[in-house]
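Student: For reference, the file data_1.txt (compact mmCIF, C-alpha atoms) is included below:
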```txt
# COMPACT_ATOMS: atom_id res chain seq x y z
CA MET A 891 21.14 -30.50 1.86
CA ARG A 892 23.88 -27.94 2.50
CA TYR A 893 24.18 -24.46 1.03
CA ILE A 894 27.80 -24.38 -0.13
CA LYS A 895 28.10 -20.78 -1.27
CA VAL A 896 25.86 -17.79 -1.97
CA PHE A 897 27.18 -15.06 -4.21
CA GLU A 898 26.95 -11.29 -4.49
CA GLU A 899 25.28 -9.27 -1.72
CA HIS A 900 25.14 -12.26 0.66
CA SER A 901 28.58 -13.72 0.00
CA ASP A 902 29.05 -14.38 3.71
CA TYR A 903 26.26 -16.99 3.78
CA GLU A 904 28.13 -20.32 3.73
CA ASP A 905 27.59 -23.86 4.91
CA PHE A 906 23.89 -23.58 5.72
CA VAL A 907 22.40 -26.70 7.25
CA SER A 908 19.11 -27.89 5.83
CA GLY A 909 15.92 -27.94 7.81
CA GLY A 910 15.18 -24.21 8.02
CA THR A 911 14.13 -21.49 5.63
CA MET A 912 16.34 -18.79 4.21
CA ASP A 913 15.13 -15.51 2.65
CA LEU A 914 17.68 -14.21 0.17
CA PRO A 915 15.76 -11.69 -1.96
CA ASN A 916 18.85 -10.03 -3.44
CA VAL A 917 20.80 -13.11 -4.43
CA SER A 918 21.32 -13.73 -8.13
CA HIS A 919 22.36 -17.39 -7.82
CA CYS A 920 23.77 -19.93 -5.46
CA ILE A 921 25.32 -23.38 -5.57
CA VAL A 922 23.38 -26.13 -3.83
CA GLU A 923 25.25 -29.44 -3.78
CA ASN A 924 27.30 -28.29 -6.77
CA GLU A 925 24.25 -27.33 -8.81
CA VAL A 926 23.67 -23.67 -9.75
CA HIS A 927 20.22 -22.37 -8.84
CA TYR A 928 19.27 -18.96 -10.23
CA ASN A 929 17.21 -16.47 -8.29
CA PRO A 930 17.16 -13.30 -10.41
CA TYR A 931 17.50 -10.11 -8.43
CA ILE A 932 14.20 -8.23 -8.21
CA PRO A 933 14.61 -4.48 -7.61
CA PRO A 934 12.74 -3.10 -4.58
CA LEU A 935 9.20 -2.00 -5.36
CA LYS A 936 8.72 1.76 -5.32
CA VAL A 937 5.44 3.59 -4.81
CA VAL A 938 5.56 7.09 -6.28
CA ALA A 939 3.13 9.79 -5.11
CA THR A 940 2.52 13.42 -6.04
CA PHE A 941 1.59 15.95 -3.38
CA ASN A 942 0.37 19.45 -4.17
CA MET A 943 0.78 22.12 -1.53
CA GLU A 944 -1.09 25.36 -2.12
CA ASN A 945 0.99 27.18 0.45
CA SER A 946 4.27 26.61 2.21
CA SER A 947 3.32 24.25 5.00
CA TRP A 948 3.79 20.84 6.57
CA MET A 949 3.05 17.91 4.27
CA GLY A 950 1.88 14.61 5.77
CA ILE A 951 3.57 11.82 3.83
CA VAL A 952 2.96 8.71 5.95
CA GLY A 953 0.23 7.29 8.15
CA MET A 954 -0.48 8.15 11.73
CA ILE A 955 2.27 8.38 14.30
CA SER A 956 1.65 6.41 17.48
CA GLN A 957 3.06 7.87 20.68
CA GLY A 958 3.87 4.77 22.71
CA GLU A 959 4.67 4.58 26.41
CA ASP A 960 8.38 4.20 25.77
CA ASP A 961 8.88 5.92 22.45
CA ALA A 962 7.07 7.04 19.34
CA GLU A 963 6.80 4.85 16.30
CA VAL A 964 5.58 5.16 12.75
CA TYR A 965 2.30 3.29 12.47
CA THR A 966 3.41 1.59 9.27
CA ASN A 967 6.53 -0.47 8.71
CA SER A 968 5.76 -0.81 5.00
CA PHE A 969 8.64 1.38 3.89
CA SER A 970 12.36 0.85 4.10
CA GLU A 971 13.12 4.25 2.61
CA ILE A 972 11.26 7.47 1.81
CA GLU A 973 12.49 10.27 -0.44
CA VAL A 974 10.92 13.69 -0.96
CA ASP A 975 12.01 15.29 -4.25
CA GLY A 976 14.97 12.91 -4.31
CA VAL A 977 16.14 13.67 -0.75
CA ALA A 978 15.94 10.89 1.85
CA VAL A 979 13.79 11.48 4.92
CA SER A 980 14.69 9.76 8.18
CA ILE A 981 12.14 7.89 10.25
CA SER A 982 13.30 9.78 13.35
CA ASP A 983 12.47 13.09 11.64
CA LEU A 984 9.02 11.77 10.75
CA ILE A 985 8.42 10.69 14.32
CA ALA A 986 9.49 14.11 15.58
CA HIS A 987 7.06 15.85 13.23
CA ASP A 988 4.04 13.51 13.36
CA GLY A 989 4.72 11.94 9.95
CA MET A 990 5.15 15.28 8.19
CA VAL A 991 7.86 17.15 6.32
CA GLN A 992 7.98 20.86 5.67
CA ALA A 993 7.14 21.73 2.07
CA THR A 994 7.06 24.77 -0.17
CA ALA A 995 4.08 25.62 -2.38
CA GLY A 996 3.68 23.49 -5.51
CA ASN A 997 4.05 19.83 -6.49
CA HIS A 998 6.35 17.42 -4.69
CA THR A 999 7.29 13.84 -5.59
CA VAL A 1000 7.52 11.33 -2.77
CA THR A 1001 9.05 7.91 -3.46
CA TYR A 1002 8.41 5.07 -1.04
CA THR A 1003 10.57 1.93 -1.18
CA LEU A 1004 8.49 -0.98 0.08
CA ASN A 1005 9.64 -3.53 2.65
CA GLY A 1006 8.30 -6.37 0.53
CA SER A 1007 5.20 -6.44 -1.64
CA GLU A 1008 2.50 -5.04 0.68
CA ILE A 1009 1.26 -1.53 1.27
CA GLY A 1010 0.70 -2.10 4.95
CA TYR A 1011 -1.64 -1.10 7.75
CA ARG A 1012 -2.49 2.63 7.72
CA SER A 1013 0.42 3.49 5.42
CA PHE A 1014 -1.28 6.69 4.24
CA TYR A 1015 -4.10 6.86 6.75
CA ALA A 1016 -5.53 10.34 7.37
CA ASN A 1017 -2.17 12.08 7.51
CA CYS A 1018 -1.73 12.55 3.75
CA GLY A 1019 -3.00 16.07 3.09
CA GLY A 1020 -2.04 17.26 -0.38
CA LEU A 1021 -1.84 13.76 -1.87
CA VAL A 1022 -3.24 14.06 -5.41
CA SER A 1023 -1.96 10.96 -7.22
CA ILE A 1024 -0.15 7.72 -6.51
CA ASN A 1025 1.38 5.02 -8.69
CA ILE A 1026 1.21 1.49 -7.29
CA PRO A 1027 3.74 -0.59 -9.24
CA ASP A 1028 3.11 -4.04 -10.64
CA GLY A 1029 4.45 -6.51 -8.10
CA VAL A 1030 2.49 -5.18 -5.13
CA THR A 1031 0.31 -8.05 -3.94
CA SER A 1032 -1.66 -6.61 -1.01
CA ILE A 1033 -3.23 -3.32 0.06
CA GLY A 1034 -3.50 -3.33 3.83
CA GLU A 1035 -6.21 -2.34 6.28
CA ARG A 1036 -7.07 1.38 6.15
CA SER A 1037 -3.96 2.00 4.06
CA PHE A 1038 -5.65 4.84 2.13
CA ALA A 1039 -8.47 5.66 4.55
CA ILE A 1040 -9.47 9.35 4.79
CA CYS A 1041 -7.11 10.21 1.91
CA PRO A 1042 -7.93 12.99 -0.59
CA LEU A 1043 -7.21 10.87 -3.68
CA SER A 1044 -9.68 11.30 -6.56
CA SER A 1045 -8.50 8.26 -8.53
CA ILE A 1046 -6.28 5.22 -8.19
CA THR A 1047 -5.13 2.36 -10.42
CA ILE A 1048 -4.54 -1.05 -8.85
CA PRO A 1049 -2.22 -3.41 -10.80
CA ASN A 1050 -3.11 -6.98 -11.70
CA SER A 1051 -0.53 -8.31 -9.23
CA VAL A 1052 -2.75 -7.30 -6.29
CA THR A 1053 -4.57 -10.34 -4.89
CA ASN A 1054 -5.85 -8.88 -1.61
CA ILE A 1055 -7.46 -5.62 -0.49
CA ASP A 1056 -7.92 -5.55 3.27
CA ASP A 1057 -10.67 -4.10 5.48
CA GLU A 1058 -11.55 -0.42 5.00
CA ALA A 1059 -8.58 0.17 2.69
CA PHE A 1060 -10.31 3.25 1.22
CA TYR A 1061 -12.69 3.97 4.09
CA GLU A 1062 -13.90 7.60 4.21
CA ALA A 1063 -11.85 8.48 1.09
CA THR A 1064 -14.77 10.64 0.05
CA SER A 1065 -12.96 12.38 -2.85
CA LEU A 1066 -12.36 9.06 -4.59
CA ARG A 1067 -14.30 8.88 -7.85
CA SER A 1068 -12.42 6.36 -10.00
CA VAL A 1069 -10.80 3.03 -9.13
CA VAL A 1070 -9.23 1.05 -11.99
CA ILE A 1071 -8.44 -2.58 -11.16
CA ASN A 1072 -6.45 -4.46 -13.79
CA ALA A 1073 -6.76 -7.95 -12.29
CA THR A 1074 -8.92 -10.29 -14.37
CA THR A 1075 -9.59 -12.42 -11.28
CA PRO A 1076 -11.22 -10.41 -8.48
CA PRO A 1077 -8.81 -9.95 -5.56
CA SER A 1078 -10.06 -11.03 -2.17
CA ILE A 1079 -11.62 -8.05 -0.45
CA GLY A 1080 -12.30 -7.20 3.17
CA GLU A 1081 -15.17 -5.36 4.81
CA GLY A 1082 -16.05 -1.74 4.15
CA VAL A 1083 -13.29 -1.20 1.59
CA PHE A 1084 -15.12 1.48 -0.40
CA THR A 1085 -17.42 2.92 2.27
CA TYR A 1086 -17.99 5.88 4.55
CA TRP A 1087 -19.84 6.20 7.85
CA TYR A 1088 -23.25 7.86 7.48
CA VAL A 1089 -25.17 9.46 10.35
CA ASP A 1090 -28.75 10.59 9.72
CA GLU A 1091 -29.14 14.17 10.97
CA ILE A 1092 -32.72 13.60 12.12
CA THR A 1093 -32.83 10.04 13.44
CA TYR A 1094 -29.11 9.78 14.23
CA GLU A 1095 -29.13 6.30 12.78
CA GLU A 1096 -25.68 5.20 11.67
CA GLU A 1097 -24.56 2.87 8.89
CA TYR A 1098 -21.86 2.13 6.33
CA ARG A 1099 -22.64 3.52 2.89
CA PRO A 1100 -20.73 2.99 -0.36
CA LEU A 1101 -18.52 5.78 -1.65
CA ASP A 1102 -19.61 7.72 -4.74
CA VAL A 1103 -17.04 5.90 -6.86
CA THR A 1104 -16.93 4.00 -10.15
CA ILE A 1105 -14.92 0.76 -10.12
CA TYR A 1106 -13.46 -0.10 -13.53
CA VAL A 1107 -12.41 -3.71 -14.21
CA PRO A 1108 -11.38 -5.70 -17.33
CA SER A 1109 -14.33 -6.07 -19.73
CA GLY A 1110 -14.31 -9.86 -19.58
CA SER A 1111 -14.44 -9.83 -15.77
CA VAL A 1112 -17.34 -7.49 -15.04
CA ASN A 1113 -19.77 -10.29 -14.11
CA ALA A 1114 -17.13 -12.08 -12.07
CA TYR A 1115 -16.56 -8.95 -9.99
CA LYS A 1116 -20.28 -8.22 -9.60
CA THR A 1117 -20.90 -11.68 -8.14
CA ALA A 1118 -17.67 -12.21 -6.18
CA PRO A 1119 -17.83 -12.19 -2.36
CA GLY A 1120 -17.38 -8.65 -1.08
CA TRP A 1121 -17.38 -7.13 -4.56
CA SER A 1122 -21.08 -7.85 -4.96
CA ASP A 1123 -21.71 -5.08 -2.40
CA TYR A 1124 -20.55 -2.64 -5.09
CA ALA A 1125 -22.15 -4.36 -8.11
CA SER A 1126 -23.97 -1.19 -9.27
CA LYS A 1127 -20.66 0.70 -9.35
CA ILE A 1128 -18.65 -1.83 -11.37
CA GLN A 1129 -18.08 -1.14 -15.07
CA ALA A 1130 -15.73 -2.26 -17.83
CA ILE A 1131 -12.51 -0.32 -18.28
CA PRO A 1132 -13.20 2.08 -21.19
```
Once more with this new file: its structure as structure tokens, please.

Tutor:
Amino acid sequence: MRYIKVFEEHSDYEDFVSGGTMDLPNVSHCIVENEVHYNPYIPPLKVVATFNMENSSWMGIVGMISQGEDDAEVYTNSFSEIEVDGVAVSISDLIAHDGMVQATAGNHTVTYTLNGSEIGYRSFYANCGGLVSINIPDGVTSIGERSFAICPLSSITIPNSVTNIDDEAFYEATSLRSVVINATTPPSIGEGVFTYWYVDEITYEEEYRPLDVTIYVPSGSVNAYKTAPGWSDYASKIQAIP
């Protein structure tokens, strides 16, 4: 099979030889052996967050910055673009300021354009002071390891497109009180997703403990969640969406 012509944003792709794979996410249609095959353009997924700064200060908008031997790098590659109040922020600026931007007092809107459909490893880990709300759009399929760990969120809604929540995604997010999950089939879930690390002050014994959170799921799926692998650890916290 030969790809004769691909239109629109990838008009330079011609004469592809079969046998490999080709990722053309922005192509509306192409002709394959004189037959038109449609691939409707899907706009990039955007995660929109609100940050509230009580005073003029530095606002952490992405996960940890790793200072490598050769150069610094943002710990997450989830985002192709980040805007703060409609103004684009460069990755080099984030690296220079440990994942932070300077902000005035009040609310700020941060829009993250995803590199695909996953909120990746440590996307918002620890360095997200001031984060008060976040909108995860339908179309996101995975929430990565520690992506919201140690974040000050009090509530979050997870769309029904999410099929996987990775290890410790909300670890030590001790302000989290409400999680709404719209999927009727329980997503696969990793270890310690909704937990914190407890140390007994007298015996110094250490263990994972569940967060003080209520997990709301579709009414017809409550039992499925309570008995599903991983979710059963939080059975006493699972309720039907009001």

Student: Taking 2 positions as the minimum chain separation for residues in the same chain, which residues sit within 12 Å of A:Asn1054 when counting all atoms listed in the file? Answer as a tab-separated table (two decimals) with C-alpha atoms, keeping the file's coordinate frame.

Tutor:
```tsv
chain	number	residue	atom	x	y	z
A	1007	SER	CA	5.20	-6.44	-1.64
A	1008	GLU	CA	2.50	-5.04	0.68
A	1009	ILE	CA	1.26	-1.53	1.27
A	1010	GLY	CA	0.70	-2.10	4.95
A	1030	VAL	CA	2.49	-5.18	-5.13
A	1031	THR	CA	0.31	-8.05	-3.94
A	1032	SER	CA	-1.66	-6.61	-1.01
A	1033	ILE	CA	-3.23	-3.32	0.06
A	1034	GLY	CA	-3.50	-3.33	3.83
A	1035	GLU	CA	-6.21	-2.34	6.28
A	1048	ILE	CA	-4.54	-1.05	-8.85
A	1049	PRO	CA	-2.22	-3.41	-10.80
A	1050	ASN	CA	-3.11	-6.98	-11.70
A	1051	SER	CA	-0.53	-8.31	-9.23
A	1052	VAL	CA	-2.75	-7.30	-6.29
A	1056	ASP	CA	-7.92	-5.55	3.27
A	1057	ASP	CA	-10.67	-4.10	5.48
A	1059	ALA	CA	-8.58	0.17	2.69
A	1071	ILE	CA	-8.44	-2.58	-11.16
A	1073	ALA	CA	-6.76	-7.95	-12.29
A	1075	THR	CA	-9.59	-12.42	-11.28
A	1076	PRO	CA	-11.22	-10.41	-8.48
A	1077	PRO	CA	-8.81	-9.95	-5.56
A	1078	SER	CA	-10.06	-11.03	-2.17
A	1079	ILE	CA	-11.62	-8.05	-0.45
A	1080	GLY	CA	-12.30	-7.20	3.17
A	1081	GLU	CA	-15.17	-5.36	4.81
A	1083	VAL	CA	-13.29	-1.20	1.59
A	1120	GLY	CA	-17.38	-8.65	-1.08
```

Student: Tell me, in Å to one decimal, how far atom CA of A:Asn945 is from atom CA of A:Val1000.

Tutor: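 It comes out at 17.4 Å.
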
Student: Measuring atom to atom with all atoms listed in the file, identify which of A:Val991, A:Ala1130, A:Leu935, A:Leu1101 is nearest to A:Ala1114.

Tutor: A:Ala1130

Student: Atom CA of A:Phe969 and atom CA of A:Asn997, how far apart in Å?

Tutor: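 Answer for the atom CA of A:Asn997 to atom CA of A:Phe969 separation: 21.7 Å.
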
Student: I'd like the contact shell of A:Glu1058 - 12 Å cut-off, only C-alpha atoms, skipping same-chain residues fewer than 3 positions apart - returned as JSON, numbers by chain.

Tutor: {"A": [1011, 1012, 1015, 1033, 1034, 1035, 1036, 1037, 1038, 1039, 1040, 1041, 1055, 1061, 1062, 1063, 1079, 1080, 1081, 1082, 1083, 1084, 1085, 1086, 1087, 1098, 1099, 1100, 1101, 1120]}

Student: May I have the residues from that selection written out with C-alpha atoms, as a tab-separated table (two decimals), in the frame of the given file?

Tutor:
```tsv
chain	number	residue	atom	x	y	z
A	1011	TYR	CA	-1.64	-1.10	7.75
A	1012	ARG	CA	-2.49	2.63	7.72
A	1015	TYR	CA	-4.10	6.86	6.75
A	1033	ILE	CA	-3.23	-3.32	0.06
A	1034	GLY	CA	-3.50	-3.33	3.83
A	1035	GLU	CA	-6.21	-2.34	6.28
A	1036	ARG	CA	-7.07	1.38	6.15
A	1037	SER	CA	-3.96	2.00	4.06
A	1038	PHE	CA	-5.65	4.84	2.13
A	1039	ALA	CA	-8.47	5.66	4.55
A	1040	ILE	CA	-9.47	9.35	4.79
A	1041	CYS	CA	-7.11	10.21	1.91
A	1055	ILE	CA	-7.46	-5.62	-0.49
A	1061	TYR	CA	-12.69	3.97	4.09
A	1062	GLU	CA	-13.90	7.60	4.21
A	1063	ALA	CA	-11.85	8.48	1.09
A	1079	ILE	CA	-11.62	-8.05	-0.45
A	1080	GLY	CA	-12.30	-7.20	3.17
A	1081	GLU	CA	-15.17	-5.36	4.81
A	1082	GLY	CA	-16.05	-1.74	4.15
A	1083	VAL	CA	-13.29	-1.20	1.59
A	1084	PHE	CA	-15.12	1.48	-0.40
A	1085	THR	CA	-17.42	2.92	2.27
A	1086	TYR	CA	-17.99	5.88	4.55
A	1087	TRP	CA	-19.84	6.20	7.85
A	1098	TYR	CA	-21.86	2.13	6.33
A	1099	ARG	CA	-22.64	3.52	2.89
A	1100	PRO	CA	-20.73	2.99	-0.36
A	1101	LEU	CA	-18.52	5.78	-1.65
A	1120	GLY	CA	-17.38	-8.65	-1.08
```

Student: Pick from A:Ile1046, A:Val938, A:Met990, A:Val952: nearest to A:Asp975, with only C-alpha atoms counted?

Tutor: A:Val938

Student: Could you tell me how far atom CA of A:Ile981 sits from atom CA of A:Asn967, in Å to one decimal place?

Tutor: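 Separation between atom CA of A:Asn967 and atom CA of A:Ile981: 10.2 Å.
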
Student: Taking all atoms listed in the file into account, name the residue in A:Asn1113, A:Ser1044, A:Asn1072, A:Ser1126 that is nearest to A:Ile1024.

Tutor: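 Nearest to A:Ile1024: A:Ser1044.
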